[in-house]
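See structure below.
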Amino acid sequence: MKNILSCFALAASLTFAAFAAACDDEHDDIRPGLYTSQEMIETFPGDTVLVTGTVSNYVGISSVTLSCESWGIEKVYDLTREEPTVFNYSYQLIVPQTATFDQTLEIRVCDKNGLDTRKAVVLSFLPDMEAPTASSVPEQVEVKFGEEETGKGFWNLNLSVSDDRALKEARIEIPGIRFDKTVELSGREGKIEETVEFSAVGSFPVTITVADASGNRKVISTEAMVILEEVENPFEDYPQMYVVDAGENPDDYVNGYYRYMDRVGEYQYQGSFYAAGDNTEVFFVPEKSMDGDLFGASPQVSSKLMNNNGYVVPVVIGKAGYYGIWIDLNAHTYSMWPLEIPADVCTEPLWMSGTGFSFGEWGASDEMTRTGYRYTVETEITDYTGDRQYYFYTAGWTRQFRADTAGNWWYEATGGTCVTFNTDYRGKVLVTFDTAAPWGTIKKIIE
Amino acid sequence: MKTIHLYVRHLGLVLSLLLMTVSLAAQTIQVKGVVKDKSGETVIGASVQVKGTASGTITDLDGNFVLPDVKKGSVIVVSYIGFVTQEKEASSTMEFILSEDSEMLDEVVVVGYGTQKKSSISGSVASVKADELPTAASASVGAMLRGRAAGMNITSTSANPGGSMSIAIRGGLSGQAPLIVVDGVPQVSSKTVMAGTAYSGGEKENSLINLNPNDIETIDILKDASAAAIYGSDASGGVILITTKRGKTGKPDISYSGSVAFQYMKDVPKFLNARDFMIEQNKVFDELGRGDEKRYTDEQIANFVGDGTDWMDEVTRVGIVQEHNLSLSAGTEQTKYLFSLSYYDHQGIAKNNSMNRITGRLNVDQTINRMLKAGISATFSQVKYHDVPLGNGKQDNSALIYSAMTFIPTVSVYDEEGNYSNNPIRDIYPNPVSLLDITDQTTSRDLFVSGYLEFKPIEELTFRGTVGFDMKDVQADQYIPTTTKKGFSMNGQGSKQNAKTQMNLVNLIGTYAKTFGGRHDLNVMAGVEYKKSSWEGMGIVTSQFPYDGALMNNLGISEQEKPTISSNKGANEMASFISRLNYTFDSKYILTVNLRVDGSSNFSKEHQWGVFPGVSAAWRLNEESWLKNVRWLSNLKLRAGVGQTGNAGNLTGINSYYTVSQGAFAPNGTLANGIAFSKLGNENLKWETLTDYNIGVDFGFFNNRLSGSVDLFQRFRKDVILTRSLMSYHEINTIDYNSAEVYRSRGVDLELHSVNFDTKDFGWTTDVNFSFYRNHTTERDPEFIPEVYQDYVEEWGNIYGYRTDGLIQMDQKYTHLPSSNAGSILYQDLYGYKLDGNGNRMRDSEGRYIRLEGADGVLDAADMVVLANSTPIPFSINNTFRWRNWDANIYLYGSLNGWKVNDLKLQSIYGIEDITYGVNALEEVKNRWSPANPNGTMPGVAEASSGVNPGSSDFFLEKAWYLRLDNVSIGYTFPSKWFKNRIRSVRLYASGRNLAVFTPYQGMDPETDNGIGAYPNQASFAIGLDVKF
């Protein structure tokens, strides 16, 4: 029996030794590391201050304490549960309105063995140097002039303003009508609501100056366009809209000139567009024709969308790039925003295939030339008895870009339909396909 | 009458006195004794006789015997089948230790639909006895079998609990897994169930995990097709025949075995600690010319103490494996049974990661009468996995180990609010500890029952009918809570997937065995078999949960409009005719002929039936008169065989079908589902065939002190089913077809067994297994055009890529590497294309572009060469020792060849720019090239923009041969007398598993998955106890 016990004891000892060896701690405890992102904090009463930093050590931290008696601060991070070896503290404090400055905020980190490290952060006063901010105001605002009814025009100014400390006043100046009014403000946020009366049409520069308690100022400039009511053609809640490049001739395109926009609500449409250069001009049409209803910007107020073919001017996209476009025919407004290009956009070699082209029935075009996400290839539209179709694909057909037969919706899939079209044109064409905002066009090459 | 009676009484008295006188004169004694084998086990039923007399007895259930009235000086003879007969002079107490008779003990080998004596085997069959395998900390029989049979290469492809293994017999030329046959009934292959979400656990072992290793008696591996052809189209991957233990005649035999093991991570790569991370990140910002984006000030670094958060430490632990096995077996001449229960629990080294299994087995054999016998084998197993997400997903798809290796070390696990900390630089990477909140459970249940009825009208003829079924049900549940990045983005995601598979089998086999004239040994077997396999499953994946509490247990609360729901069902059937002839003449000349005809529903009527023949012959030279007297030669047998197997697999290539295509069409501008033609069928598809040629020699010297076998094999795979591309305008542009390609495998298997010492007190045996093979593609499809760097016919395992020559130094610029700057890898421009007068590339007669030696200023496919060949050369060495009651084992296995890309370095160095986003990197990035460290050997930040994939070069390619010290164990068997013979034996042992790996490979492990994010391998230390009552 003694032998049995000895053997058990030996086996247990070996096992325990193996276990203990694996639990060995490599480091002796030393004072924890303490880093504060600010040695000194400049602030002011009522300010919100973020105190950040990192504490670290080998054995585990039990607490981090931030304290300033005169400001009534005593923040303790109790970390005894996890005892992390690194901890990033981020403490947000509000400076008391009655605070006195040139105080110290003591930060103390204590590890699980009681070793600690301390640092003092000086709290000093920061003069106000920041100007107030205001909600955006367009460069031009439209004021309708009621000629027959009132002989006046009224502009309802509605502006939100804010300051990081305290607002004081806002001054509205319209020299053209000798309007000069100061509105008292207080607190960190405020509103300016005024109705300004115009008695004649014309362009009236407006200056709004918002000041804070420390005298910092924000100056806002706009132009009140007092105009007679513009005549607009009737319009409907169309099933779709198309965005077109006003700088291009639709007759130069065999396919793809009219770029589809989804109807996303009553009188509201959304789509995307690639602006090839700065100041690209676009129109919006409900049908694949430039002769019917046509929406553009008012020649008097660039932010106003309206339907008057021959009267409206194109909407201008200031910078080249990919844009999302949203229009509201009823509200007479539009907005554009740069599109974020997804990470998995195809940049692989691409080929075109289809029918009715010089590369043969369902043959392959030459490899398309890629510039960014745009691929181009020259081919030729040849005699062909059936419908012409086309789509794009990568090597091995691992990725295919197809569209519905009308060519309104392009999508990526492993199979499906193709754009189907007919044309009397015979000759060379430049085919372009954009993988970032999938869209294909076929443009005649006139030599 | 009374007088007669009186006479008789007197006569009896006189005779008694007379006999007593004689007895006293002869001095009889009573002999008491015990008979044991060499392992100390008592031998029941051994014959004990007084030599030269009819007096004798047999040993009882404890191996004891008593012989009264034995003449002093008599000789006691003890004999038992399979043991060398012993004689000793009689004494009042005797002990006989019997040793095995290697000649008489002709092992019986299971060969499929029957058994054969090992001596009359002519095919290539390897046998492994399960009780010779170390069980501690092994979940699967597969893990225990690694390296135990030459020609069977088993590698772990994942080190997680219950992780998957690859079993390739003779090079795995067929691409199919071996057929597993348990007690004569094939096991249905399990369906792998995936959660259908971003995360999945490690790959699981499906083939052998449901078996309790302690239930297994023997494992026989049919390696060549001459033997495996009896399983026809299921056997192209080889056949593993498992025979479980059955009850034996005698008193109840109760045994318990149990062990507990502690597991520690091995070979975990070292990633930067927090301080080094900050320093290296700042350096990388400088090297990228983005110095103004630095995140850490010098003061911040100087004030940092410690290593930061060790994320590996946060998500791992000491693993514990415990197992308990209890078995009871007993039997009479009529009824024999074995009942066993086992419990195996593996708490993995990753937290929340576990696998546990319970199994139960009941084997019963009942002799009904002289002609009828019946039996049943039933086993149930349940394997439960608690998985953690594993894999090499990046960014928001990062799984546990990858996250732990690469998550930023400068933040704590929890932030000040008690929430999981984020990467403050780029908040897309999941906090590694948050991934432990994912619930991922898989439960696999298997009910495997077979029964037989054996009818023996005459001694030589046996009919045996077998009915069996294997039902497997896998349920996989997963919930990704909102505390994880992925779960948060979907308001939680739940998944329930189920897969059921079932195999029903019935066969009727007739066997006629007779020895004619003492020299003609004939064994004929014929039968029919029908097998049906079916499968079905369904699953749902949905998100948008109002709260996490219900996990995936109430998917109905999901607010997702269109959950992903899937279901499937299918079946195939096979009818077979089976026959075998085994003829042995004079115990010298052996002929075995197998023939199987399979008809499968996987093919069209024209190609439904496949014929799979096998023939082998053997010559036992040592039985020839001219060798019989060579005393040092115990065994010499030459074998040769040829056979054919097929592959019907899970082919669905003959059928055309449509599937619902999700989101492929866009009517009204929105994606919607539709029906799409998905698979183009080919009715002309027919069986793949695998033809196998084998010659071998079995030998034994010095009374089999040194024995073994050598086999040379060659196999061809033809009519290979491949997929080819159709013209682009087809709606479906691929189709399955029988290719003209031919694959060939050639190799040699060597097995050696040596009894180095065999004395009463000390024994030492050594087993060596070695395999060498090479697979080739020897013929191609007519339209095949090799790559410019590729041979028309080629060896498998070739690794093609660019040669490199260190790193580009400052002021060096290479035309063929226009995007590579200083610090990039210098890929070598070795070849160019031969161009015709028009500048077009010229082709040779095989259609391959012709290349010209010498630089052409362009790095392209022409510059690729064969860098190495990764075909393994597996081997193993097993040593067992015995010293009195002590036993020990040292087992090593490995591969003499191997090449692997060190993915750890590749990912860490190639993605060095990611360190600026807070992604941690290997410590070795400190040795990267930079203007300040021009002697750095790792590529600098410029490599990422070189436009060349370094994985296709020899830069990160490393030798990966290895020698693994897989098992070191020591045990002690306590003498039963210590327990007053109430306990038959008690063995206590300690073992270490996977203690060391010797390899030049610097990645995680040369055998298991070595990708960054792979589950680390473990070393185990176990103690165990075996008790037999």
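By convention in this document, the chains of the structure tokens carry letters A, B, ... by their order, each chain's residues are numbered from 1, and ligands are numbered from 1 in the order they are shown.
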
Problem - Interface, chain B side, toward chain A (6 Å; only C-alpha atoms) as a list in words - result: Gln300, Asn303, Phe304, Val305, Gly306, Gly308, Thr309, Val411, Ser412, Ala664 and Gly669 of chain B

Those residues with all heavy atoms, as a PDB file, in the first residue's frame please?
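Written out: result.pdb:
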```
ATOM      1  N   GLN B 300       4.843  59.406 -23.892  1.00  0.00           N
ATOM      2  CA  GLN B 300       3.871  58.344 -23.666  1.00  0.00           C
ATOM      3  C   GLN B 300       4.562  56.976 -23.652  1.00  0.00           C
ATOM      4  O   GLN B 300       4.268  56.123 -22.818  1.00  0.00           O
ATOM      5  CB  GLN B 300       2.846  58.392 -24.798  1.00  0.00           C
ATOM      6  CG  GLN B 300       1.577  57.664 -24.528  1.00  0.00           C
ATOM      7  CD  GLN B 300       0.506  58.014 -25.545  1.00  0.00           C
ATOM      8  OE1 GLN B 300       0.714  58.873 -26.391  1.00  0.00           O
ATOM      9  NE2 GLN B 300      -0.621  57.368 -25.454  1.00  0.00           N
ATOM     10  N   ASN B 303       6.698  56.541 -20.522  1.00  0.00           N
ATOM     11  CA  ASN B 303       5.935  56.327 -19.294  1.00  0.00           C
ATOM     12  C   ASN B 303       5.181  55.010 -19.274  1.00  0.00           C
ATOM     13  O   ASN B 303       4.366  54.773 -18.394  1.00  0.00           O
ATOM     14  CB  ASN B 303       4.940  57.470 -19.105  1.00  0.00           C
ATOM     15  CG  ASN B 303       5.610  58.687 -18.497  1.00  0.00           C
ATOM     16  OD1 ASN B 303       6.025  58.677 -17.348  1.00  0.00           O
ATOM     17  ND2 ASN B 303       5.761  59.716 -19.314  1.00  0.00           N
ATOM     18  N   PHE B 304       5.408  54.215 -20.290  1.00  0.00           N
ATOM     19  CA  PHE B 304       4.692  52.936 -20.326  1.00  0.00           C
ATOM     20  C   PHE B 304       5.503  51.872 -19.599  1.00  0.00           C
ATOM     21  O   PHE B 304       6.679  51.692 -19.841  1.00  0.00           O
ATOM     22  CB  PHE B 304       4.427  52.508 -21.781  1.00  0.00           C
ATOM     23  CG  PHE B 304       3.324  51.514 -21.884  1.00  0.00           C
ATOM     24  CD1 PHE B 304       2.023  51.931 -22.144  1.00  0.00           C
ATOM     25  CD2 PHE B 304       3.551  50.166 -21.698  1.00  0.00           C
ATOM     26  CE1 PHE B 304       0.980  51.024 -22.223  1.00  0.00           C
ATOM     27  CE2 PHE B 304       2.519  49.247 -21.772  1.00  0.00           C
ATOM     28  CZ  PHE B 304       1.229  49.675 -22.031  1.00  0.00           C
ATOM     29  N   VAL B 305       4.857  51.170 -18.715  1.00  0.00           N
ATOM     30  CA  VAL B 305       5.505  50.098 -17.953  1.00  0.00           C
ATOM     31  C   VAL B 305       4.764  48.794 -18.257  1.00  0.00           C
ATOM     32  O   VAL B 305       3.536  48.758 -18.306  1.00  0.00           O
ATOM     33  CB  VAL B 305       5.441  50.392 -16.437  1.00  0.00           C
ATOM     34  CG1 VAL B 305       5.965  49.204 -15.644  1.00  0.00           C
ATOM     35  CG2 VAL B 305       6.231  51.642 -16.112  1.00  0.00           C
ATOM     36  N   GLY B 306       5.512  47.755 -18.467  1.00  0.00           N
ATOM     37  CA  GLY B 306       4.881  46.445 -18.703  1.00  0.00           C
ATOM     38  C   GLY B 306       4.738  46.139 -20.178  1.00  0.00           C
ATOM     39  O   GLY B 306       5.270  46.840 -21.035  1.00  0.00           O
ATOM     40  N   GLY B 308       1.660  45.652 -21.670  1.00  0.00           N
ATOM     41  CA  GLY B 308       0.327  45.923 -22.183  1.00  0.00           C
ATOM     42  C   GLY B 308      -0.541  44.687 -22.032  1.00  0.00           C
ATOM     43  O   GLY B 308      -0.238  43.773 -21.261  1.00  0.00           O
ATOM     44  N   THR B 309      -1.620  44.672 -22.765  1.00  0.00           N
ATOM     45  CA  THR B 309      -2.542  43.533 -22.659  1.00  0.00           C
ATOM     46  C   THR B 309      -2.048  42.387 -23.524  1.00  0.00           C
ATOM     47  O   THR B 309      -1.812  42.556 -24.714  1.00  0.00           O
ATOM     48  CB  THR B 309      -3.952  43.953 -23.095  1.00  0.00           C
ATOM     49  OG1 THR B 309      -4.394  45.010 -22.252  1.00  0.00           O
ATOM     50  CG2 THR B 309      -4.925  42.792 -22.987  1.00  0.00           C
ATOM     51  N   VAL B 411      -4.565  48.782 -25.123  1.00  0.00           N
ATOM     52  CA  VAL B 411      -5.841  49.016 -24.438  1.00  0.00           C
ATOM     53  C   VAL B 411      -6.137  47.833 -23.536  1.00  0.00           C
ATOM     54  O   VAL B 411      -5.634  46.733 -23.749  1.00  0.00           O
ATOM     55  CB  VAL B 411      -7.017  49.236 -25.433  1.00  0.00           C
ATOM     56  CG1 VAL B 411      -6.758  50.408 -26.349  1.00  0.00           C
ATOM     57  CG2 VAL B 411      -7.281  47.979 -26.251  1.00  0.00           C
ATOM     58  N   SER B 412      -6.971  48.101 -22.535  1.00  0.00           N
ATOM     59  CA  SER B 412      -7.361  47.029 -21.621  1.00  0.00           C
ATOM     60  C   SER B 412      -8.529  46.263 -22.211  1.00  0.00           C
ATOM     61  O   SER B 412      -9.116  46.667 -23.221  1.00  0.00           O
ATOM     62  CB  SER B 412      -7.769  47.630 -20.270  1.00  0.00           C
ATOM     63  OG  SER B 412      -8.716  48.664 -20.483  1.00  0.00           O
ATOM     64  N   ALA B 664     -30.037  38.229 -57.578  1.00  0.00           N
ATOM     65  CA  ALA B 664     -29.316  38.259 -58.836  1.00  0.00           C
ATOM     66  C   ALA B 664     -29.965  39.175 -59.860  1.00  0.00           C
ATOM     67  O   ALA B 664     -29.318  39.574 -60.806  1.00  0.00           O
ATOM     68  CB  ALA B 664     -29.224  36.855 -59.398  1.00  0.00           C
ATOM     69  N   GLY B 669     -35.421  48.158 -59.868  1.00  0.00           N
ATOM     70  CA  GLY B 669     -34.278  48.761 -59.187  1.00  0.00           C
ATOM     71  C   GLY B 669     -33.899  48.111 -57.896  1.00  0.00           C
ATOM     72  O   GLY B 669     -32.967  48.550 -57.227  1.00  0.00           O
TER      73      GLY B 669
END
```

Exercise for the section: Would you kindly return, as number ranges by chain, each protein, DNA or RNA residue with an atom no farther than 6 Å from any atom of Lys304 of chain A, considering only C-alpha atoms and excluding same-chain residues fewer than 3 positions away? Expected result: A: 297-298, 301, 332-333

Write out, as a tab-separated table, each residue of segment 771-883 of chain B that has an atom at most 12 Å from segment 901-917 of chain B, together with the closest pair of atoms and their distance in Å to one decimal, counting only C-alpha atoms, rows going by chain and rising number.
```
residue	atom	partner	partner_atom	distance
B:Ile799	CA	B:Val901	CA	10.0
B:Tyr800	CA	B:Val901	CA	11.8
B:Gly801	CA	B:Val901	CA	11.4
B:Gly823	CA	B:Ile909	CA	11.4
B:Ser824	CA	B:Tyr910	CA	10.0
B:Ile825	CA	B:Tyr910	CA	10.5
B:Leu867	CA	B:Val901	CA	11.3
B:Ala868	CA	B:Val901	CA	11.1
B:Ser870	CA	B:Val901	CA	10.6
```

Practice task
Excluding Gly971 of chain B and any residue of its chain fewer than 3 positions from it, enumerate the residues within 9 Å of it, using only C-alpha atoms, and give them as a list in words.
Solution key: Asn885, Trp886, Asp887, Ala888, Asn889, Arg987, Leu988, Tyr989, Ala990, Ser991 and Gly1024 of chain B

For the selection just defined, write its residues with all heavy atoms to a file, as a short mmCIF file (atom, residue, chain, number, x, y, z; two decimals), in the first residue's frame.
```cif
data_model
loop_
_atom_site.label_atom_id
_atom_site.label_comp_id
_atom_site.auth_asym_id
_atom_site.auth_seq_id
_atom_site.Cartn_x
_atom_site.Cartn_y
_atom_site.Cartn_z
N ASN B 885 7.30 -4.77 -13.45
CA ASN B 885 5.93 -4.30 -13.57
C ASN B 885 5.83 -2.92 -14.21
O ASN B 885 4.75 -2.33 -14.27
CB ASN B 885 5.27 -4.26 -12.18
CG ASN B 885 4.90 -5.65 -11.73
OD1 ASN B 885 5.25 -6.64 -12.38
ND2 ASN B 885 4.23 -5.74 -10.60
N TRP B 886 6.97 -2.40 -14.62
CA TRP B 886 6.96 -1.09 -15.25
C TRP B 886 6.83 -1.23 -16.76
O TRP B 886 7.31 -2.19 -17.34
CB TRP B 886 8.25 -0.33 -14.94
CG TRP B 886 8.38 0.06 -13.50
CD1 TRP B 886 8.94 -0.66 -12.50
CD2 TRP B 886 7.92 1.28 -12.92
NE1 TRP B 886 8.86 0.02 -11.31
CE2 TRP B 886 8.24 1.23 -11.54
CE3 TRP B 886 7.27 2.41 -13.40
CZ2 TRP B 886 7.93 2.25 -10.67
CZ3 TRP B 886 6.98 3.45 -12.53
CH2 TRP B 886 7.30 3.36 -11.17
N ASP B 887 6.18 -0.26 -17.37
CA ASP B 887 6.17 -0.21 -18.83
C ASP B 887 6.37 1.22 -19.26
O ASP B 887 6.10 2.16 -18.50
CB ASP B 887 4.83 -0.75 -19.39
CG ASP B 887 3.65 0.08 -18.95
OD1 ASP B 887 3.42 1.15 -19.55
OD2 ASP B 887 2.95 -0.32 -17.98
N ALA B 888 6.88 1.38 -20.45
CA ALA B 888 7.14 2.74 -20.94
C ALA B 888 7.00 2.74 -22.45
O ALA B 888 7.11 1.70 -23.11
CB ALA B 888 8.54 3.19 -20.53
N ASN B 889 6.76 3.92 -22.98
CA ASN B 889 6.60 4.06 -24.42
C ASN B 889 7.16 5.41 -24.88
O ASN B 889 6.96 6.42 -24.22
CB ASN B 889 5.10 3.97 -24.79
CG ASN B 889 4.86 4.22 -26.27
OD1 ASN B 889 4.48 5.31 -26.67
ND2 ASN B 889 5.11 3.22 -27.09
N ARG B 987 -3.13 -0.47 -13.17
CA ARG B 987 -1.98 0.16 -13.82
C ARG B 987 -2.13 1.67 -13.69
O ARG B 987 -3.18 2.24 -14.00
CB ARG B 987 -1.92 -0.21 -15.30
CG ARG B 987 -0.80 0.48 -16.05
CD ARG B 987 -0.68 -0.04 -17.47
NE ARG B 987 0.32 0.70 -18.21
CZ ARG B 987 0.04 1.73 -19.00
NH1 ARG B 987 -1.20 2.11 -19.18
NH2 ARG B 987 1.00 2.37 -19.63
N LEU B 988 -1.08 2.29 -13.23
CA LEU B 988 -1.05 3.75 -13.10
C LEU B 988 0.00 4.26 -14.07
O LEU B 988 1.08 3.69 -14.18
CB LEU B 988 -0.67 4.13 -11.67
CG LEU B 988 -0.64 5.62 -11.34
CD1 LEU B 988 -2.04 6.19 -11.34
CD2 LEU B 988 -0.01 5.83 -9.96
N TYR B 989 -0.34 5.27 -14.79
CA TYR B 989 0.64 5.76 -15.77
C TYR B 989 0.63 7.27 -15.85
O TYR B 989 -0.35 7.93 -15.46
CB TYR B 989 0.39 5.15 -17.15
CG TYR B 989 -0.92 5.55 -17.79
CD1 TYR B 989 -1.00 6.65 -18.62
CD2 TYR B 989 -2.08 4.82 -17.55
CE1 TYR B 989 -2.19 7.02 -19.20
CE2 TYR B 989 -3.28 5.18 -18.13
CZ TYR B 989 -3.33 6.29 -18.95
OH TYR B 989 -4.51 6.66 -19.52
N ALA B 990 1.72 7.80 -16.34
CA ALA B 990 1.82 9.22 -16.63
C ALA B 990 2.36 9.34 -18.04
O ALA B 990 3.19 8.52 -18.47
CB ALA B 990 2.77 9.90 -15.64
N SER B 991 1.86 10.31 -18.76
CA SER B 991 2.35 10.45 -20.13
C SER B 991 2.41 11.91 -20.53
O SER B 991 1.71 12.75 -19.98
CB SER B 991 1.45 9.67 -21.10
OG SER B 991 0.20 10.31 -21.23
N GLY B 1024 -3.03 8.62 -15.66
CA GLY B 1024 -4.18 7.76 -15.93
C GLY B 1024 -4.14 6.51 -15.10
O GLY B 1024 -3.11 6.15 -14.50
#
```

Practice task
Quick one: everything within 8 Å of segment 310-314 of chain B, counting only C-alpha atoms, minus sequence neighbours fewer than 6 positions away in the same chain. Send it as a PyMOL selection string.
Solution key: chain B and resi 273+401+404-405+407+409+432-433
